[in-house]
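To be precise, the following lines are model.txt, and they hold compact mmCIF, C-alpha atoms.
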# COMPACT_ATOMS: atom_id res chain seq x y z
CA MET A 1 162.00 122.23 43.53
CA ALA A 2 159.87 119.70 41.69
CA SER A 3 156.28 120.77 41.17
CA SER A 4 153.39 118.51 42.04
CA LYS A 5 150.91 117.44 39.42
CA LYS A 6 148.36 120.05 38.39
CA HIS A 7 145.07 119.94 36.53
CA GLU A 8 143.12 122.86 35.16
CA ASN A 9 140.07 121.83 37.16
CA TYR A 10 141.61 119.64 39.83
CA ASP A 11 138.69 119.92 42.27
CA ASP A 12 136.79 117.53 39.98
CA ILE A 13 139.70 115.15 39.41
CA ALA A 14 141.96 114.94 42.44
CA MET A 15 141.05 112.77 45.42
CA ILE A 16 143.30 114.90 47.66
CA THR A 17 144.29 118.52 47.03
CA LEU A 18 146.52 120.75 49.13
CA ASP A 19 146.48 124.26 47.69
CA HIS A 20 149.22 126.55 49.09
CA VAL A 21 148.89 125.00 52.55
CA SER A 22 151.01 126.23 55.45
CA LYS A 23 150.82 125.18 59.09
CA SER A 24 152.61 126.90 61.96
CA TYR A 25 152.28 125.79 65.56
CA THR A 26 153.51 129.14 66.89
CA ASN A 27 153.35 132.65 65.48
CA ASP A 28 157.10 133.10 65.31
CA GLY A 29 158.25 129.51 64.72
CA ILE A 30 159.39 127.78 61.55
CA PRO A 31 156.26 126.43 59.82
CA ALA A 32 155.75 122.66 59.94
CA LEU A 33 154.43 122.98 56.37
CA ASN A 34 155.29 125.93 54.18
CA ASP A 35 153.19 126.75 51.10
CA VAL A 36 152.63 123.11 50.08
CA SER A 37 150.59 122.35 46.97
CA LEU A 38 149.98 118.82 45.75
CA GLU A 39 147.34 116.60 44.22
CA ILE A 40 146.73 112.90 44.60
CA GLU A 41 144.36 111.43 42.06
CA LYS A 42 141.74 108.78 42.64
CA GLY A 43 143.33 105.33 42.63
CA GLU A 44 146.92 106.48 43.11
CA PHE A 45 149.47 104.84 45.41
CA VAL A 46 151.75 107.52 46.87
CA PHE A 47 154.64 107.46 49.30
CA ILE A 48 155.36 110.55 51.38
CA VAL A 49 158.92 110.44 52.69
CA GLY A 50 161.30 112.66 54.62
CA ASP A 51 163.27 112.88 57.83
CA SER A 52 161.66 113.22 61.25
CA GLY A 53 160.33 116.74 61.63
CA SER A 54 159.98 117.26 57.89
CA GLY A 55 156.20 117.82 58.09
CA LYS A 56 154.87 114.40 57.08
CA SER A 57 152.89 113.80 60.27
CA THR A 58 151.46 117.32 60.13
CA MET A 59 150.20 116.54 56.64
CA ILE A 60 148.40 113.41 57.87
CA LYS A 61 146.83 115.33 60.77
CA LEU A 62 145.61 118.01 58.38
CA LEU A 63 144.04 115.40 56.09
CA LEU A 64 142.27 113.85 59.09
CA ARG A 65 141.13 117.32 60.16
CA GLU A 66 142.89 116.89 63.50
CA LEU A 67 144.55 120.21 62.65
CA LYS A 68 143.50 123.20 60.58
CA PRO A 69 145.97 124.85 58.19
CA SER A 70 147.26 128.32 59.05
CA THR A 71 146.74 129.26 55.41
CA GLY A 72 145.66 127.48 52.25
CA ARG A 73 142.91 125.11 51.22
CA ILE A 74 142.53 121.34 51.61
CA ILE A 75 139.99 119.33 49.62
CA VAL A 76 139.55 115.59 50.20
CA ASN A 77 137.12 113.57 48.08
CA ASN A 78 135.33 116.79 47.03
CA CYS A 79 135.01 117.94 50.66
CA ASP A 80 136.48 121.35 51.49
CA LEU A 81 137.84 120.77 55.00
CA ALA A 82 137.54 124.46 55.89
CA LYS A 83 133.76 124.11 55.62
CA LEU A 84 133.51 121.12 57.97
CA THR A 85 131.73 121.90 61.21
CA GLN A 86 132.92 120.12 64.35
CA ARG A 87 129.80 117.98 64.27
CA LYS A 88 130.54 116.71 60.76
CA ILE A 89 134.17 115.73 61.37
CA PRO A 90 133.43 112.18 62.67
CA LYS A 91 131.34 111.42 59.58
CA TYR A 92 134.10 112.79 57.34
CA ARG A 93 136.72 110.59 59.01
CA ARG A 94 134.62 107.47 58.45
CA ASN A 95 135.40 107.84 54.74
CA ILE A 96 139.13 107.62 55.41
CA GLY A 97 140.76 104.37 56.48
CA CYS A 98 143.78 104.83 58.76
CA VAL A 99 146.53 102.53 59.95
CA PHE A 100 149.34 103.57 62.27
CA GLN A 101 152.69 102.31 63.47
CA ASP A 102 151.28 101.40 66.90
CA PHE A 103 148.21 99.57 65.50
CA ARG A 104 145.73 101.28 67.92
CA LEU A 105 143.65 98.17 68.44
CA LEU A 106 141.18 97.54 71.26
CA LYS A 107 143.19 95.23 73.53
CA ASP A 108 140.17 94.03 75.51
CA ARG A 109 138.37 92.72 72.41
CA ASN A 110 139.11 89.87 70.04
CA VAL A 111 139.99 90.18 66.35
CA TYR A 112 136.40 89.95 65.12
CA GLU A 113 135.19 92.63 67.54
CA ASN A 114 138.04 94.98 66.60
CA VAL A 115 137.02 94.89 62.96
CA ALA A 116 133.30 94.88 63.69
CA PHE A 117 133.70 97.97 65.89
CA ALA A 118 134.26 100.17 62.82
CA GLN A 119 130.91 98.96 61.43
CA ARG A 120 128.99 99.26 64.68
CA VAL A 121 130.03 102.92 64.94
CA ILE A 122 128.16 103.68 61.72
CA GLU A 123 125.26 101.40 62.69
CA VAL A 124 125.69 98.73 60.04
CA PRO A 125 123.11 95.97 60.64
CA THR A 126 124.47 92.94 62.51
CA LYS A 127 123.59 90.66 59.61
CA LYS A 128 125.85 92.65 57.29
CA ILE A 129 128.63 92.83 59.90
CA LYS A 130 128.61 89.03 60.11
CA LYS A 131 129.23 88.94 56.37
CA ASN A 132 131.64 91.85 56.03
CA VAL A 133 134.06 91.11 58.88
CA PRO A 134 134.98 87.56 57.78
CA ALA A 135 135.43 88.82 54.20
CA MET A 136 137.89 91.47 55.41
CA LEU A 137 139.77 89.01 57.60
CA SER A 138 140.11 86.71 54.60
CA LEU A 139 141.45 89.61 52.51
CA VAL A 140 144.22 90.27 55.05
CA GLY A 141 144.98 86.57 55.53
CA LEU A 142 143.55 86.06 59.03
CA PRO A 143 140.25 84.20 58.58
CA GLU A 144 141.06 81.64 61.27
CA LYS A 145 142.13 84.23 63.87
CA TYR A 146 138.73 85.85 64.39
CA LYS A 147 138.39 84.65 68.01
CA SER A 148 141.99 85.46 69.00
CA LYS A 149 142.78 88.10 71.58
CA ILE A 150 144.97 90.94 70.36
CA ARG A 151 147.76 90.06 72.81
CA GLN A 152 147.98 86.59 71.23
CA LEU A 153 148.91 88.05 67.83
CA SER A 154 152.30 88.91 66.37
CA GLY A 155 153.04 92.49 65.32
CA GLY A 156 152.41 91.60 61.68
CA GLU A 157 149.08 90.02 62.53
CA GLN A 158 148.05 93.03 64.58
CA GLN A 159 148.78 95.33 61.65
CA ARG A 160 146.66 93.08 59.42
CA VAL A 161 143.76 93.42 61.88
CA ALA A 162 144.26 97.18 61.84
CA LEU A 163 144.11 97.09 58.03
CA ALA A 164 140.93 95.01 58.06
CA ARG A 165 139.33 97.49 60.46
CA ALA A 166 140.43 100.43 58.31
CA LEU A 167 138.97 98.85 55.17
CA VAL A 168 135.76 97.20 56.37
CA ASN A 169 133.68 100.31 55.61
CA ASN A 170 135.13 100.44 52.09
CA PRO A 171 136.68 103.92 52.34
CA PRO A 172 137.86 105.60 49.13
CA ILE A 173 141.13 106.64 50.82
CA LEU A 174 143.58 104.76 53.04
CA LEU A 175 146.20 106.72 54.99
CA ALA A 176 149.03 104.60 56.40
CA ASP A 177 151.34 106.41 58.82
CA GLU A 178 154.56 104.37 59.23
CA PRO A 179 152.61 101.08 58.84
CA THR A 180 155.78 98.95 58.92
CA GLY A 181 157.58 100.93 61.64
CA ASN A 182 157.24 98.19 64.28
CA LEU A 183 157.56 95.20 61.95
CA ASP A 184 160.42 92.97 60.82
CA PRO A 185 161.36 92.94 57.10
CA ARG A 186 159.23 89.90 56.19
CA ASN A 187 156.08 91.26 57.81
CA SER A 188 156.81 94.70 56.37
CA TRP A 189 156.80 93.31 52.85
CA GLU A 190 153.61 91.35 53.47
CA ILE A 191 151.84 94.50 54.68
CA MET A 192 153.06 96.42 51.63
CA LYS A 193 151.79 93.67 49.32
CA LEU A 194 148.40 93.96 51.03
CA LEU A 195 148.40 97.72 50.52
CA GLU A 196 149.23 97.17 46.86
CA GLU A 197 146.32 94.73 46.51
CA ILE A 198 143.98 97.19 48.24
CA ASN A 199 145.14 99.86 45.79
CA ARG A 200 144.52 97.53 42.84
CA ARG A 201 140.92 97.22 44.03
CA GLY A 202 140.50 100.98 43.61
CA THR A 203 141.38 102.53 46.97
CA THR A 204 143.62 105.60 46.93
CA VAL A 205 146.60 104.74 49.19
CA VAL A 206 148.92 107.26 50.84
CA VAL A 207 151.83 105.83 52.84
CA VAL A 208 154.08 107.90 55.10
CA THR A 209 157.27 105.92 55.73
CA HIS A 210 160.95 105.96 56.62
CA ASN A 211 161.47 102.56 54.96
CA ARG A 212 163.92 103.35 52.18
CA GLU A 213 164.22 99.75 50.96
CA ILE A 214 160.47 99.37 50.41
CA VAL A 215 160.08 102.75 48.72
CA ASN A 216 162.97 102.12 46.33
CA ALA A 217 161.78 98.60 45.47
CA MET A 218 158.13 99.44 44.83
CA ARG A 219 158.71 102.30 42.39
CA LYS A 220 155.53 104.21 43.11
CA ARG A 221 155.02 107.98 43.14
CA VAL A 222 157.27 109.45 45.84
CA ILE A 223 156.74 112.89 47.38
CA THR A 224 159.75 114.01 49.44
CA VAL A 225 159.20 116.61 52.16
CA LYS A 226 162.04 118.54 53.81
CA LYS A 227 161.63 121.26 56.44
CA GLY A 228 157.98 121.70 55.53
CA VAL A 229 158.51 122.00 51.77
CA ILE A 230 158.02 119.49 48.94
CA VAL A 231 161.49 119.13 47.43
CA SER A 232 160.65 116.43 44.91
CA ASP A 233 157.58 114.68 43.48
CA GLU A 234 158.47 111.85 41.13
CA GLU A 235 156.56 109.11 39.36
CA LYS A 236 158.26 105.76 40.03
CA GLY A 237 160.50 107.65 42.40
CA GLU A 238 163.08 106.72 45.01
CA TYR A 239 163.79 107.68 48.59
CA ILE A 240 166.84 109.87 48.09
CA ASP A 241 168.64 111.95 50.71
CA GLU A 242 168.20 115.61 49.85
CA ASP A 243 171.24 116.86 51.76
So, in terms of structure tokens, how does the structure I just supplied come out?
Amino acid sequence: MASSKKHENYDDIAMITLDHVSKSYTNDGIPALNDVSLEIEKGEFVFIVGDSGSGKSTMIKLLLRELKPSTGRIIVNNCDLAKLTQRKIPKYRRNIGCVFQDFRLLKDRNVYENVAFAQRVIEVPTKKIKKNVPAMLSLVGLPEKYKSKIRQLSGGEQQRVALARALVNNPPILLADEPTGNLDPRNSWEIMKLLEEINRRGTTVVVVTHNREIVNAMRKRVITVKKGVIVSDEEKGEYIDED
């Protein structure tokens, strides 16, 4: 088994650290994650790949503090998740941008309001929202769509709105869970180019995906998970079947 990158004092260096993390949903079941240790440094772009049921989604839920590990320690941006009280979890999550396969947009609001919502939650002044939202929509290539209803947008456009919303608060980390899962090849590539640009601007990007073609073409760091265990962790890696 390939070992993930280690530093002598990784708490000070890594943006994300999983230290011997296991997660079981039942006492006698096979663990969804089994003694996983990995580090993702500030500014990295990382793919996490593996078959359905391999533990990828559990990893995302642990990083979002939707789940607690059965054993082990998780540190994200110098925050030890075990020490987070329930009251502090919403504030913690505001420092992580998230995009999902199903977009999770507010269908009853237009594009501008969907992006602005993320700023209103943290009480950003309206004057700043009026500046920040158009800037984000320009970044994702939708400056002219700000008044459009969500149902009027294509799948690719909806994912761009989701990206703008995830990024408008300038989070240090972006988690993308199957961001191209509902998109055609052209839109998939456009979303990946946007993620690459976001990464170039300094955001740490973690992408969970089944898209073999994209992973193999982009030649980023690839962490492969199988049956709850990291089976490979390669710089400029490929999505390779482990059977």
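Taking atom CA of A:Lys131 and atom CA of A:Val76 as endpoints, the distance between them is 29.2 Å.
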Item to check | Residues near A:Gln158, cut-off 8 Å, all atoms listed in the file, skip fewer than 6 positions along chain, as a ChimeraX atom specification | outcome: /A:103,105,150
Checklist entry - Between atom CA of A:Leu64 and atom CA of A:Arg160, what is the spacing in Å? => result 21.2 Å
Next on the checklist: So that I can see what lies close to A:Phe47, please list as an MDAnalysis selection string the residues with an atom at most 10 Å from it, counting only C-alpha atoms and leaving out residues fewer than 6 positions away in the same chain.
Outcome noted: chainID A and resid 176 205:210 215 218:224 233 237:239
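Coordinates place atom CA of A:Cys79 at a distance of 8.5 Å from atom CA of A:Tyr92.
For the residues A:Ala162, A:Leu137, A:Ile75, A:Ile198, ranking by smallest atom-to-atom distance to A:Lys107 using only C-alpha atoms places A:Ala162 first.
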